[in-house]
Every structure is written in structure tokens, then in C-alpha cells.
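So this one's start15.cif, mmCIF, C-alpha atoms:
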```
data_start
#
loop_
_atom_site.label_atom_id
_atom_site.label_comp_id
_atom_site.auth_asym_id
_atom_site.auth_seq_id
_atom_site.Cartn_x
_atom_site.Cartn_y
_atom_site.Cartn_z
CA MET A 21 -118.43 84.56 81.49
CA GLY A 22 -118.11 81.45 83.67
CA GLY A 23 -114.93 80.57 81.78
CA LEU A 24 -113.48 84.00 82.49
CA ARG A 25 -114.29 83.66 86.18
CA HIS A 26 -112.76 80.19 86.22
CA SER A 27 -109.56 81.57 84.61
CA ARG A 28 -109.37 84.32 87.21
CA ILE A 29 -109.76 81.83 90.05
CA LEU A 30 -107.08 79.63 88.47
CA LEU A 31 -104.72 82.62 88.17
CA LEU A 32 -105.40 83.54 91.78
CA VAL A 33 -104.66 80.00 92.97
CA MET A 34 -101.45 79.95 90.93
CA ALA A 35 -100.41 83.28 92.42
CA VAL A 36 -100.97 81.96 95.95
CA VAL A 37 -99.02 78.77 95.20
CA LEU A 38 -96.15 80.69 93.60
CA GLY A 39 -96.19 83.24 96.41
CA SER A 40 -95.86 80.54 99.05
CA ALA A 41 -93.14 78.82 97.05
CA HIS A 42 -91.11 82.03 97.20
CA ALA A 43 -91.98 82.66 100.82
CA ASP A 44 -89.94 85.32 102.57
CA LEU A 45 -87.90 84.75 105.70
CA GLU A 46 -89.83 84.70 108.95
CA MET A 47 -89.09 84.92 112.64
CA ASN A 48 -88.91 81.49 114.30
CA PHE A 49 -89.14 79.69 110.96
CA TYR A 50 -88.13 76.43 112.70
CA ALA A 51 -90.72 76.70 115.50
CA LYS A 52 -92.45 73.49 114.37
CA SER A 53 -89.79 71.68 112.32
CA CYS A 54 -86.95 72.08 114.86
CA PRO A 55 -88.23 73.97 117.90
CA LYS A 56 -84.91 74.07 119.78
CA ALA A 57 -82.82 75.15 116.76
CA GLU A 58 -82.19 78.76 117.75
CA LYS A 59 -81.60 77.89 121.40
CA THR A 60 -79.11 75.18 120.39
CA VAL A 61 -77.09 77.75 118.43
CA GLN A 62 -77.31 80.32 121.22
CA ASP A 63 -76.32 77.85 123.95
CA TYR A 64 -73.29 76.65 121.99
CA VAL A 65 -72.20 80.24 121.30
CA ASN A 66 -72.68 81.29 124.93
CA LYS A 67 -70.64 78.29 126.09
CA HIS A 68 -67.64 78.85 123.79
CA ILE A 69 -67.43 82.54 122.78
CA PRO A 70 -66.41 83.80 126.27
CA ASN A 71 -63.24 81.68 125.87
CA ALA A 72 -62.60 82.96 122.33
CA PRO A 73 -64.21 86.43 122.09
CA SER A 74 -62.29 87.34 118.92
CA LEU A 75 -64.50 84.84 117.07
CA ALA A 76 -67.37 87.34 117.30
CA ALA A 77 -65.54 89.55 114.79
CA ALA A 78 -64.67 86.50 112.67
CA PHE A 79 -68.33 85.49 112.40
CA ILE A 80 -69.54 88.98 111.45
CA ARG A 81 -66.88 88.98 108.74
CA MET A 82 -67.86 85.50 107.53
CA HIS A 83 -71.53 86.54 107.43
CA PHE A 84 -70.68 89.75 105.54
CA HIS A 85 -68.49 87.95 102.98
CA ASP A 86 -71.14 85.28 102.51
CA CYS A 87 -74.00 87.72 101.92
CA PHE A 88 -72.05 89.80 99.39
CA VAL A 89 -71.65 86.84 97.00
CA ARG A 90 -74.87 85.19 95.75
CA GLY A 91 -76.69 86.40 98.86
CA CYS A 92 -76.71 84.91 102.37
CA ASP A 93 -76.62 81.28 101.22
CA ALA A 94 -73.54 79.79 102.95
CA SER A 95 -71.71 79.57 99.61
CA VAL A 96 -68.63 80.83 101.48
CA LEU A 97 -68.50 77.52 103.41
CA LEU A 98 -68.21 75.21 100.40
CA ASN A 99 -64.94 73.33 99.79
CA PHE A 100 -65.84 71.88 96.42
CA THR A 101 -68.58 72.08 93.79
CA SER A 102 -68.93 70.19 90.52
CA SER A 103 -68.82 73.42 88.47
CA THR A 104 -65.79 75.10 90.10
CA GLY A 105 -63.96 72.15 91.69
CA ASN A 106 -62.00 73.44 94.67
CA GLN A 107 -61.91 77.04 93.36
CA THR A 108 -64.77 78.03 95.67
CA GLU A 109 -65.24 81.36 97.48
CA LYS A 110 -63.30 80.00 100.43
CA VAL A 111 -59.96 80.09 98.55
CA SER A 112 -60.48 83.58 97.12
CA ILE A 113 -58.10 86.28 98.39
CA PRO A 114 -60.73 88.12 100.51
CA ASN A 115 -61.61 84.87 102.28
CA GLN A 116 -58.20 83.34 102.90
CA THR A 117 -58.11 84.79 106.43
CA LEU A 118 -61.68 83.84 107.34
CA ARG A 119 -61.90 81.53 110.34
CA GLY A 120 -64.49 79.77 112.47
CA PHE A 121 -65.48 77.14 109.90
CA ASP A 122 -64.98 74.30 112.40
CA PHE A 123 -67.23 76.11 114.90
CA ILE A 124 -70.03 76.32 112.29
CA ASP A 125 -69.53 72.60 111.50
CA ARG A 126 -69.91 71.71 115.17
CA VAL A 127 -73.14 73.71 115.47
CA LYS A 128 -74.41 72.03 112.29
CA SER A 129 -73.67 68.53 113.65
CA LEU A 130 -75.61 69.34 116.85
CA LEU A 131 -78.59 70.46 114.77
CA GLU A 132 -78.34 67.47 112.43
CA SER A 133 -78.55 65.08 115.38
CA GLU A 134 -81.56 67.02 116.69
CA CYS A 135 -83.42 67.58 113.38
CA PRO A 136 -81.72 65.94 110.37
CA GLY A 137 -81.89 67.91 107.12
CA VAL A 138 -83.90 70.83 108.52
CA VAL A 139 -81.70 73.79 109.52
CA SER A 140 -79.66 75.44 106.78
CA CYS A 141 -75.99 76.36 107.06
CA ALA A 142 -76.97 79.85 105.86
CA ASP A 143 -79.22 80.31 108.90
CA ILE A 144 -76.50 78.91 111.17
CA ILE A 145 -74.04 81.61 110.00
CA SER A 146 -76.67 84.35 110.46
CA LEU A 147 -77.65 83.21 113.95
CA THR A 148 -74.07 82.51 115.10
CA ALA A 149 -72.86 85.96 114.00
CA ARG A 150 -75.66 87.70 115.92
CA ASP A 151 -75.38 85.52 119.04
CA ALA A 152 -71.57 85.86 119.16
CA VAL A 153 -71.76 89.66 119.02
CA VAL A 154 -74.44 89.72 121.75
CA ALA A 155 -72.34 87.34 123.89
CA THR A 156 -69.47 89.84 123.83
CA GLY A 157 -71.68 92.77 124.86
CA GLY A 158 -72.54 94.04 121.37
CA PRO A 159 -75.90 94.88 119.80
CA PHE A 160 -78.80 92.49 119.27
CA TRP A 161 -80.58 92.35 115.92
CA ARG A 162 -83.47 90.26 114.63
CA VAL A 163 -82.56 87.25 112.50
CA PRO A 164 -85.55 85.93 110.57
CA THR A 165 -84.85 82.39 109.34
CA GLY A 166 -85.77 80.14 106.44
CA ARG A 167 -82.69 80.74 104.26
CA ARG A 168 -81.74 77.86 101.99
CA ASP A 169 -78.18 76.86 101.12
CA GLY A 170 -76.72 77.67 97.70
CA VAL A 171 -75.12 75.06 95.46
CA ILE A 172 -72.76 77.36 93.53
CA SER A 173 -69.54 78.89 94.89
CA ASN A 174 -66.98 80.61 92.71
CA ALA A 175 -63.69 82.14 93.86
CA SER A 176 -63.68 84.80 91.13
CA GLU A 177 -67.09 86.14 92.26
CA ALA A 178 -65.81 86.73 95.79
CA LEU A 179 -62.85 88.69 94.46
CA ALA A 180 -65.13 90.82 92.28
CA GLN A 181 -67.90 91.47 94.83
CA VAL A 182 -66.60 91.49 98.41
CA PRO A 183 -65.58 95.03 99.49
CA SER A 184 -61.86 95.07 100.21
CA PRO A 185 -59.72 96.92 102.79
CA PHE A 186 -57.96 98.49 99.77
CA SER A 187 -61.20 99.86 98.27
CA ASN A 188 -61.65 103.57 97.58
CA PHE A 189 -64.95 105.33 98.17
CA ALA A 190 -66.35 104.80 94.65
CA THR A 191 -65.72 101.04 94.81
CA LEU A 192 -67.26 100.76 98.28
CA GLN A 193 -70.33 102.73 97.24
CA THR A 194 -70.83 100.58 94.13
CA ARG A 195 -70.33 97.23 95.85
CA PHE A 196 -72.75 98.15 98.65
CA ALA A 197 -75.32 99.62 96.23
CA ASN A 198 -75.16 96.41 94.16
CA LYS A 199 -76.50 94.61 97.23
CA GLY A 200 -79.21 97.16 98.02
CA LEU A 201 -77.20 98.83 100.78
CA ASP A 202 -76.81 102.61 100.99
CA LEU A 203 -74.13 104.98 102.32
CA LYS A 204 -75.53 104.87 105.85
CA ASP A 205 -75.27 101.06 105.79
CA LEU A 206 -71.68 101.40 104.55
CA VAL A 207 -70.73 103.61 107.50
CA VAL A 208 -72.67 101.62 110.09
CA LEU A 209 -71.47 98.19 108.96
CA SER A 210 -67.87 99.47 108.81
CA GLY A 211 -68.37 100.02 112.53
CA ALA A 212 -67.92 96.26 112.98
CA HIS A 213 -64.19 97.13 112.79
CA THR A 214 -64.63 98.19 116.41
CA ILE A 215 -63.89 94.54 117.30
CA GLY A 216 -61.34 92.10 115.99
CA ILE A 217 -57.91 92.01 114.45
CA SER A 218 -56.30 92.39 111.05
CA HIS A 219 -53.18 91.06 109.36
CA CYS A 220 -50.44 93.48 108.34
CA SER A 221 -50.90 92.40 104.70
CA SER A 222 -54.24 94.25 104.62
CA PHE A 223 -52.62 97.66 105.08
CA THR A 224 -48.80 97.58 104.82
CA THR A 225 -48.83 99.22 101.38
CA ARG A 226 -50.19 102.30 103.20
CA LEU A 227 -47.05 102.28 105.34
CA TYR A 228 -44.34 101.35 102.86
CA ASN A 229 -45.33 101.64 99.21
CA PHE A 230 -48.58 103.53 98.77
CA THR A 231 -48.12 104.69 95.17
CA GLY A 232 -45.33 102.30 94.21
CA VAL A 233 -42.41 104.59 95.04
CA GLY A 234 -41.73 103.56 98.65
CA ASP A 235 -44.02 106.23 100.09
CA GLN A 236 -46.58 106.40 102.90
CA ASP A 237 -50.30 107.08 102.57
CA PRO A 238 -50.69 110.80 103.39
CA SER A 239 -54.27 110.20 104.60
CA LEU A 240 -52.95 108.06 107.47
CA ASP A 241 -51.96 109.93 110.65
CA SER A 242 -48.15 110.06 110.55
CA GLU A 243 -47.68 109.36 114.27
CA TYR A 244 -49.93 106.29 114.07
CA ALA A 245 -48.10 105.11 110.93
CA ALA A 246 -44.72 105.47 112.68
CA ASN A 247 -46.02 103.46 115.64
CA LEU A 248 -47.31 100.67 113.36
CA LYS A 249 -43.96 100.52 111.53
CA ALA A 250 -41.91 100.47 114.73
CA ASN A 251 -44.00 98.06 116.77
CA LYS A 252 -46.31 95.99 114.58
CA CYS A 253 -45.62 95.72 110.85
CA LYS A 254 -41.86 96.14 110.68
CA SER A 255 -41.71 95.40 106.95
CA ILE A 256 -44.11 95.31 104.00
CA ASN A 257 -44.18 91.50 104.27
CA ALA A 258 -44.87 91.33 108.02
CA THR A 259 -47.42 88.70 109.10
CA THR A 260 -48.20 90.19 112.53
CA LYS A 261 -51.80 90.61 113.68
CA VAL A 262 -52.94 94.10 114.65
CA GLU A 263 -55.99 95.32 116.58
CA MET A 264 -58.35 97.24 114.30
CA ASP A 265 -59.49 99.40 117.22
CA PRO A 266 -56.41 99.59 119.47
CA GLY A 267 -57.11 99.49 123.19
CA SER A 268 -60.76 98.65 122.64
CA PHE A 269 -60.77 95.78 120.15
CA ARG A 270 -62.86 93.49 122.36
CA THR A 271 -65.54 96.12 123.03
CA PHE A 272 -68.33 96.97 120.63
CA ASP A 273 -68.26 100.75 120.99
CA LEU A 274 -67.83 104.06 119.15
CA SER A 275 -64.04 104.28 119.41
CA TYR A 276 -63.53 102.98 115.85
CA TYR A 277 -65.32 106.06 114.48
CA LYS A 278 -63.32 108.38 116.74
CA LEU A 279 -60.10 106.87 115.36
CA VAL A 280 -61.33 107.25 111.76
CA LEU A 281 -61.95 110.96 112.37
CA LYS A 282 -58.37 111.23 113.71
CA ARG A 283 -57.14 109.59 110.46
CA ARG A 284 -56.22 106.46 112.40
CA GLY A 285 -58.46 103.96 110.59
CA LEU A 286 -56.28 100.98 109.70
CA PHE A 287 -57.51 100.36 106.15
CA GLU A 288 -57.76 102.45 103.00
CA SER A 289 -61.50 101.60 103.12
CA ASP A 290 -61.69 103.24 106.58
CA SER A 291 -60.00 106.42 105.34
CA ALA A 292 -62.23 106.39 102.26
CA LEU A 293 -65.23 107.14 104.49
CA LEU A 294 -63.79 110.61 105.13
CA THR A 295 -63.49 111.43 101.42
CA ASN A 296 -67.26 111.84 100.97
CA SER A 297 -69.24 114.52 102.78
CA THR A 298 -72.27 112.24 103.38
CA THR A 299 -70.34 109.39 104.97
CA ARG A 300 -68.15 111.79 106.97
CA SER A 301 -71.30 113.44 108.29
CA PHE A 302 -72.76 110.04 109.31
CA ILE A 303 -69.57 109.28 111.25
CA THR A 304 -69.75 112.62 113.07
CA GLN A 305 -73.40 112.00 113.96
CA LEU A 306 -72.58 108.55 115.35
CA VAL A 307 -69.67 109.88 117.44
CA GLU A 308 -71.84 112.68 118.84
CA GLY A 309 -74.73 110.29 119.55
CA SER A 310 -75.14 107.60 122.18
CA LEU A 311 -73.88 104.03 122.14
CA GLY A 312 -77.54 102.96 122.14
CA ASN A 313 -78.09 104.90 118.94
CA PHE A 314 -75.13 103.15 117.26
CA PHE A 315 -76.45 99.76 118.39
CA ALA A 316 -79.90 100.56 116.96
CA GLU A 317 -78.43 101.70 113.62
CA PHE A 318 -76.14 98.67 113.47
CA ALA A 319 -79.12 96.37 114.08
CA LYS A 320 -81.07 98.03 111.24
CA SER A 321 -78.21 97.64 108.77
CA MET A 322 -77.53 94.03 109.79
CA GLU A 323 -81.22 93.23 109.33
CA LYS A 324 -80.97 94.61 105.79
CA MET A 325 -77.75 92.74 105.10
CA ASN A 326 -78.96 89.38 106.34
CA ARG A 327 -81.79 89.43 103.77
CA ILE A 328 -79.58 90.05 100.70
CA ASP A 329 -80.67 87.76 97.82
CA VAL A 330 -81.77 84.99 100.18
CA LYS A 331 -82.95 81.68 98.77
CA THR A 332 -86.24 80.47 100.22
CA GLY A 333 -89.01 78.00 99.33
CA PRO A 334 -87.83 75.54 96.67
CA SER A 335 -84.56 77.38 95.88
CA GLY A 336 -81.27 75.85 96.98
CA GLU A 337 -81.14 73.00 99.47
CA ILE A 338 -80.51 72.17 103.12
CA ARG A 339 -76.96 70.85 103.14
CA LYS A 340 -76.16 67.81 105.26
CA GLN A 341 -72.57 69.05 105.68
CA CYS A 342 -71.82 72.74 105.38
CA ALA A 343 -68.66 72.29 103.30
CA PHE A 344 -70.29 70.16 100.59
CA VAL A 345 -73.40 70.31 98.42
CA ASN A 346 -75.67 67.30 98.79
CA SER A 347 -74.85 64.57 96.29
#
```
Give the structure from the file, written as C-alpha cells.
Amino acid sequence: MGGLRHSRILLLVMAVVLGSAHADLEMNFYAKSCPKAEKTVQDYVNKHIPNAPSLAAAFIRMHFHDCFVRGCDASVLLNFTSSTGNQTEKVSIPNQTLRGFDFIDRVKSLLESECPGVVSCADIISLTARDAVVATGGPFWRVPTGRRDGVISNASEALAQVPSPFSNFATLQTRFANKGLDLKDLVVLSGAHTIGISHCSSFTTRLYNFTGVGDQDPSLDSEYAANLKANKCKSINATTKVEMDPGSFRTFDLSYYKLVLKRRGLFESDSALLTNSTTRSFITQLVEGSLGNFFAEFAKSMEKMNRIDVKTGPSGEIRKQCAFVNS
């Protein structure tokens, strides 16, 4: 009997130890180990983002692309790993137009001089994305911390897992569901297209060669398409940058959804949201609701996204430099 009790106690102790080893994220994770960490990130963002507000969109995109491959583990920042050489996520087609890496490196160096080897690059991306959006007048969301950095980064995984501007509804639904995100999250997170710019290459097939016979995408408003062809992307190979939410691309608002309903979403993935009754209904509800409601929904979905497959406890590492695994 005593032996049985002893075994139970041992199992209980093991469970507690294992549980703490796989601890979840928590608010103010660095309160003791690096008390000024979050303020350091916020201060740097608040100092520099007003001069380069388009970076807010770049950081949301970086965060999104990071979390969709191996979870939010900063694998998107790696230049080289022993297993994939320089074929890391960074060089994959979806990530070739990502920017802001030098900004993340500068934040990391500030934190390394303050608390060497403590704050992960994964947490830096999560905090920077949130603080940059807030600095430009967008929504606030909670960012629990304690993420660890991954040591694997593979270009082919990014191509297979990151939702693309060319995706149809079925692909979007699957790629979001694979990460534990539902159709509401798909609609709400697509709302990040309210800020930022795109390159013509992400949508010119819609204008010039939609089905391979020199045709235009019929789901794109013809007047808008004509305007894009005349003034922005004058050929299928144009490299011009285009506002995703024309006239309002620096403001985090509902105008993106209003444009989607008018068939003026820039990407095939924007138009795809109208091809399903559930997602179309979510868009209508958002447009008819308040800006505060959109901000609250966006915060909820970002809080779900920033927990995707996170590494905590003994998993991963705290990189010394964000572009390289520790040797």
C-alpha cells in the first residue's frame, strides 16, 4: 500500500516537473529576468515608427509569416542553418518581400546589452508587431511572452504553409485551420490589409492573364482593374508598389472590408472571402459594426495567432543573433 502511495506521489511530482518544463506563455514573462524588456521594445518602436509608418504593416506580415511555419519561433529570421544551409524561410517566395529585419536586429542588440541571452527573437517580433500597430493608431492586443527561438528553418515549408495572395477559399480555409484558426480569424486577420502596400507581382495575373489566355479576373471590379492597368501596373511584369487600401493605407480602419464588398480587394485571396457565405457574412457584420468592434475582434484573433505552436520551457533556444542559431 505504501509502495502504491509512493508511486502516486512520484507520478505527481513528475507531472508537476513536466508541466513546468512545458510552461505556457505568460504576461510579463521577463518581469524578473529583464524587467525593462517590453519597455525597451516599445520605446524603440515609438521613436522610429512615426518616421516609417509603413513598417507597421511589414511587422504584422513578418509575424504572420513566422507563426504559420513551425509556430511563432522566429524561424523566418534565420539566414542559415546546418540542415538547410541558406535555403531558409527567408528566401522562400512568400518571404522575399518581407522587410524590417534590420529593425528587429537593432532591438535585439539593445536587449542583449541590457540582459544578455534572455529575450527571444520570437518575442521581439511579437512585441514589435503589436507596438508598431498601436503606434500608428491601430488596435492593442495582449502579447504574453516566454516564446523560445526555433533552430530549424526550411524554405519549402514556407511555400507550402504560408497563405498566399493567389490562394482560393479552400486553400485559405485549410491553411488557417491547420494552425487552429477558423473562418472568423481568416476574415479578421485579412483586415490587416487595411494598412501597407503590395507589389504588382502579387496581383498582375488578375489584370493581364488570369486563366492563361490574356484575360482579366471577372471577380475584380472592371473600373478598378482599368485604373490599376493605366496608372500602377502597366504590364504583367511591373514592379510598382500599390496601396492595398487606396486612400487609407496608413489608417487601421474598416475601409479594406468596404472595398472587398465592392470587388476592389487587390488580391485573389481578398476576393476569395466573398465566395463563401460565412466569410462574406462576417465582412458585412464588420462593415456594419463599429471600429471599436473591429479592433476588439482583431485583438482576439492576433492573440490566438501569436500562440500558434510556440516553443516554451526547454524547447528551442534564446538566440544571441536573430539571423543565426547559436553555435
Checklist entry - Can you tell me, as number ranges by chain, what residues are no more than 12 Å from Tyr276 (chain A) when counting only C-alpha atoms, ignoring any on the same chain fewer than 6 positions away? => result A: 207-216, 263-270, 282-287, 290-291, 303-304, 306-307, 314
Checklist entry - What residues come out when you apply the PyMOL selection byres ((chain A and resi 218-220) around 8) to this file, written as a ChimeraX atom specification? => result /A:216-217,221-224,252-253,256-264
Checklist entry - To one decimal place, how far is CA of Ser129 (chain A) from CA of Tyr64 (chain A) in Å? => result 11.6 Å
Next on the checklist: Neighbouring residues of Lys199 (chain A) were defined as those with any atom within 7 Å, considering all atoms listed in the file; residues of the same chain fewer than 4 positions away were excluded. Please report them as a count of residues only.
Outcome noted: 3
Item to check | Straight-line distance linking CA of Val330 (chain A) with CA of His85 (chain A), stated in Å to one decimal | outcome: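 Interatomic distance, CA of Val330 (chain A) to CA of His85 (chain A): 13.9 Å.
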Item to check | Shell around Ser301 (chain A) at 12 Å using all atoms listed in the file, local window under 4 positions removed, as a list in words | outcome: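 Counting only the stated atoms, we get Leu203, Lys204, Val207, Tyr277, Leu281, Leu293, Leu294, Thr295, Asn296, Ser297, Gln305, Leu306, Val307 and Glu308 of chain A.
Closest to Phe79 (chain A) among A:Glu109, A:Asp93, A:Asp63, A:Asp151 is A:Asp151, based on all atoms listed in the file.
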